[in-house]
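Engineer: One structure follows; several queries about it will come next.
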Amino acid sequence: MSNTIAIIDYGMGNLHSAHKAVEHVAPAAKVLVTHDAKEILSAERVIFPGVGAIRDCIAEIKARKLDDVVKEAAKTKPFLAICVGMQALMTHSEENGGVECLNILPGEVRLFQGESFEGEHKLKVPHMGWNQVEQRISHFMFTDITQNERCYFVHSYYVDAQDRACVAAQTQYGIAFDSVLSKENIFAVQFHPEKSHRVGLQLLKNFSEWNV
């Protein structure tokens, strides 16, 4: 049985590291970094990476006519969104003065702020470094990943999902924010699996074997 994994190339994202990490954990798979709609939609699995500002992310997706491709892939096959790729799935982001996202999952992307960041131990923004991921559900993607494993984060904005049934894990950083979302064939993570050593590689391995 073929296993082609397409990593969407829209000009942003940690493409080289993600590509190498997926090749490492799934040596029998064909791993493509591509912006070709036919290649993306014909792949068995799709990864939607992201780094940088959400306005640039959404603008590049639309400029390359990939917004409908992302929406179609997110409906039809195992789909992994990473960092800004996760945020792009939401309805709206506060970043860059307010940006309309792809509205695949209902919810907001908010800036870390508020009373929890005042006082003696004010936390730095961006949230950068290793932090625990508290699993809230049982999911195939968490296979061989124990509770409260530490993963690598780099972000100033966090997802606040409207549908709380989609929250697969949360992470504490002044507040409890939604660090993993899951709905049907979509699995979205705020952290970077390709930078999260053993845990991240296990997650990518699980994705290469996930059937929905």
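Chain identifiers are assigned as A, B, and so on, following the order in which chains appear in the structure tokens; residues are numbered from 1 within each chain, and ligands are numbered from 1 in order of appearance.
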How close does segment 56-108 of chain A get to segment 13-26 of chain A? List, as a Markdown table, each residue of segment 56-108 of chain A within 9 Å, its nearest atom pair and the distance in Å to one decimal, counting only C-alpha atoms.
Structural biologist:
| residue | atom | partner | partner_atom | distance |
| --- | --- | --- | --- | --- |
| A:Cys57 | CA | A:Gly13 | CA | 9.0 |
| A:Ile82 | CA | A:Gly13 | CA | 8.9 |
| A:Val84 | CA | A:Gly13 | CA | 8.3 |
| A:Gly85 | CA | A:Gly13 | CA | 8.4 |
Engineer: Write out as number ranges by chain each polymer residue whose atoms come within 7 Å of segment 185-198 of chain A, counting only C-alpha atoms; drop sequence neighbours fewer than 2 positions from it.
Structural biologist: A: 17-18, 21, 74, 77-83, 86, 151-153, 179-183, 200-203, 212
Engineer: With only C-alpha atoms as the basis for distance, which of A:Ala168, A:Lys30, A:Leu204, A:Asp160 is at the shortest distance from Leu89 of chain A?
Structural biologist: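 Going through A:Ala168, A:Lys30, A:Leu204, A:Asp160 one by one, the smallest distance to Leu89 of chain A is for A:Asp160.
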Engineer: Using only C-alpha atoms, determine which residues lie at most 8 Å from Tyr10 of chain A, disregarding the query and same-chain residues fewer than 4 positions distant; provide the list as JSON, numbers by chain.
Structural biologist: {"A": [35, 57, 60, 61, 64, 66]}
Engineer: Here is a test: counting only C-alpha atoms, which residue of A:Gln162, A:Ser156, A:Gln135, A:Thr143 is nearest to Glu209 of chain A?
Structural biologist: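 Distance minimum relative to Glu209 of chain A lands on A:Thr143.
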Engineer: Using only C-alpha atoms, which of A:Ala28, A:Val70, A:Cys101, A:Ala53 sits nearest Ile8 of chain A?
Structural biologist: A:Val70
Engineer: Pick the closest to Ala59 of chain A from A:Gly11, A:Met128, A:Asn3, A:Glu108: which is it, counting only C-alpha atoms?
Structural biologist: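 Closest candidate: A:Gly11.
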Engineer: Would you pick out the contacts of Lys38 of chain A at 9 Å or less, using only C-alpha atoms, so that residues sharing its chain but fewer than 4 positions from it are not included, and give the list as a PyMOL selection string?
Structural biologist: chain A and resi 42-43+69
Engineer: Given the selection you just returned, output its residues as a file containing N, CA and C atoms, formatted as a PDB file, in the first residue's frame.
Structural biologist:
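The new file result_34.pdb reads:
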ATOM      1  N   SER A  42      -3.631  14.160  -4.105  1.00  0.00           N
ATOM      2  CA  SER A  42      -3.496  12.733  -4.395  1.00  0.00           C
ATOM      3  C   SER A  42      -2.668  12.005  -3.335  1.00  0.00           C
ATOM      4  N   ALA A  43      -2.029  12.758  -2.435  1.00  0.00           N
ATOM      5  CA  ALA A  43      -1.239  12.136  -1.362  1.00  0.00           C
ATOM      6  C   ALA A  43      -2.163  11.457  -0.356  1.00  0.00           C
ATOM      7  N   VAL A  69      -7.324  24.048  -1.610  1.00  0.00           N
ATOM      8  CA  VAL A  69      -6.599  22.770  -1.535  1.00  0.00           C
ATOM      9  C   VAL A  69      -6.448  22.351  -0.075  1.00  0.00           C
TER      10      VAL A  69
END
Engineer: What are the DSSP strand (DSSP E) residues of segment 69-176 of chain A, as a PyMOL selection string?
Structural biologist: chain A and resi 79-82+92-93+99-100+107-111+127-135+149-155+157-161+167-173+175-176
Engineer: Hey, can you spit out that residue selection with C-alpha atoms as a PDB file, in the first residue's frame?
Structural biologist:
ATOM      1  CA  PHE A  79      -4.059  16.091   8.008  1.00  0.00           C
ATOM      2  CA  LEU A  80      -1.408  17.431  10.398  1.00  0.00           C
ATOM      3  CA  ALA A  81      -1.118  21.187  10.977  1.00  0.00           C
ATOM      4  CA  ILE A  82       1.924  22.624  12.773  1.00  0.00           C
ATOM      5  CA  HIS A  92      -9.716  34.768  13.089  1.00  0.00           C
ATOM      6  CA  SER A  93      -6.385  35.920  14.529  1.00  0.00           C
ATOM      7  CA  VAL A  99      -6.581  38.601  10.134  1.00  0.00           C
ATOM      8  CA  GLU A 100      -9.335  36.368   8.796  1.00  0.00           C
ATOM      9  CA  GLY A 107     -12.095  29.729  17.180  1.00  0.00           C
ATOM     10  CA  GLU A 108      -9.781  32.660  17.781  1.00  0.00           C
ATOM     11  CA  VAL A 109      -6.022  33.132  17.857  1.00  0.00           C
ATOM     12  CA  ARG A 110      -5.142  35.445  20.735  1.00  0.00           C
ATOM     13  CA  LEU A 111      -2.054  37.295  22.005  1.00  0.00           C
ATOM     14  CA  HIS A 127       6.534  31.653  24.589  1.00  0.00           C
ATOM     15  CA  MET A 128       9.772  30.005  23.514  1.00  0.00           C
ATOM     16  CA  GLY A 129      11.262  26.713  24.645  1.00  0.00           C
ATOM     17  CA  TRP A 130      10.199  23.404  26.152  1.00  0.00           C
ATOM     18  CA  ASN A 131       6.857  22.991  27.862  1.00  0.00           C
ATOM     19  CA  GLN A 132       4.556  20.182  28.905  1.00  0.00           C
ATOM     20  CA  VAL A 133       1.655  18.961  26.794  1.00  0.00           C
ATOM     21  CA  GLU A 134      -1.242  17.732  28.927  1.00  0.00           C
ATOM     22  CA  GLN A 135      -3.299  15.247  26.926  1.00  0.00           C
ATOM     23  CA  GLU A 149       5.786  15.121  27.711  1.00  0.00           C
ATOM     24  CA  ARG A 150       7.751  18.275  26.932  1.00  0.00           C
ATOM     25  CA  CYS A 151       7.691  19.698  23.402  1.00  0.00           C
ATOM     26  CA  TYR A 152       9.302  22.727  21.779  1.00  0.00           C
ATOM     27  CA  PHE A 153       7.226  25.905  21.316  1.00  0.00           C
ATOM     28  CA  VAL A 154       7.900  29.255  19.634  1.00  0.00           C
ATOM     29  CA  HIS A 155       4.848  31.547  19.480  1.00  0.00           C
ATOM     30  CA  TYR A 157      -0.235  33.922  19.893  1.00  0.00           C
ATOM     31  CA  TYR A 158      -2.278  30.947  21.025  1.00  0.00           C
ATOM     32  CA  VAL A 159      -5.387  29.131  19.819  1.00  0.00           C
ATOM     33  CA  ASP A 160      -8.652  29.440  21.741  1.00  0.00           C
ATOM     34  CA  ALA A 161     -10.960  26.843  20.162  1.00  0.00           C
ATOM     35  CA  VAL A 167      -9.216  20.244  22.435  1.00  0.00           C
ATOM     36  CA  ALA A 168      -6.885  17.239  22.544  1.00  0.00           C
ATOM     37  CA  ALA A 169      -4.244  18.791  24.814  1.00  0.00           C
ATOM     38  CA  GLN A 170      -3.449  21.965  26.714  1.00  0.00           C
ATOM     39  CA  THR A 171      -0.257  23.631  27.907  1.00  0.00           C
ATOM     40  CA  GLN A 172       0.291  26.028  30.801  1.00  0.00           C
ATOM     41  CA  TYR A 173       1.915  29.386  30.135  1.00  0.00           C
ATOM     42  CA  ILE A 175      -2.967  30.431  31.265  1.00  0.00           C
ATOM     43  CA  ALA A 176      -3.981  27.002  30.014  1.00  0.00           C
TER      44      ALA A 176
END
Engineer: Hey, can you check how far atom CA of Lys205 of chain A sits from atom CA of Arg45 of chain A?
Structural biologist: 12.1 Å
Engineer: Among the residues of segment 70-211 of chain A, find those DSSP assigns to helix (DSSP H, G or I) from the backbone and print them as a PyMOL selection string.
Structural biologist: chain A and resi 70-76+84-88+95-97+115-117+140-142+164-166+193-195+197-209
Engineer: Work out how far apart atom CA of Thr91 of chain A and atom CA of Ala63 of chain A are and give it in Å to one decimal.
Structural biologist: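 Separating atom CA of Thr91 of chain A from atom CA of Ala63 of chain A is a distance of 18.9 Å.
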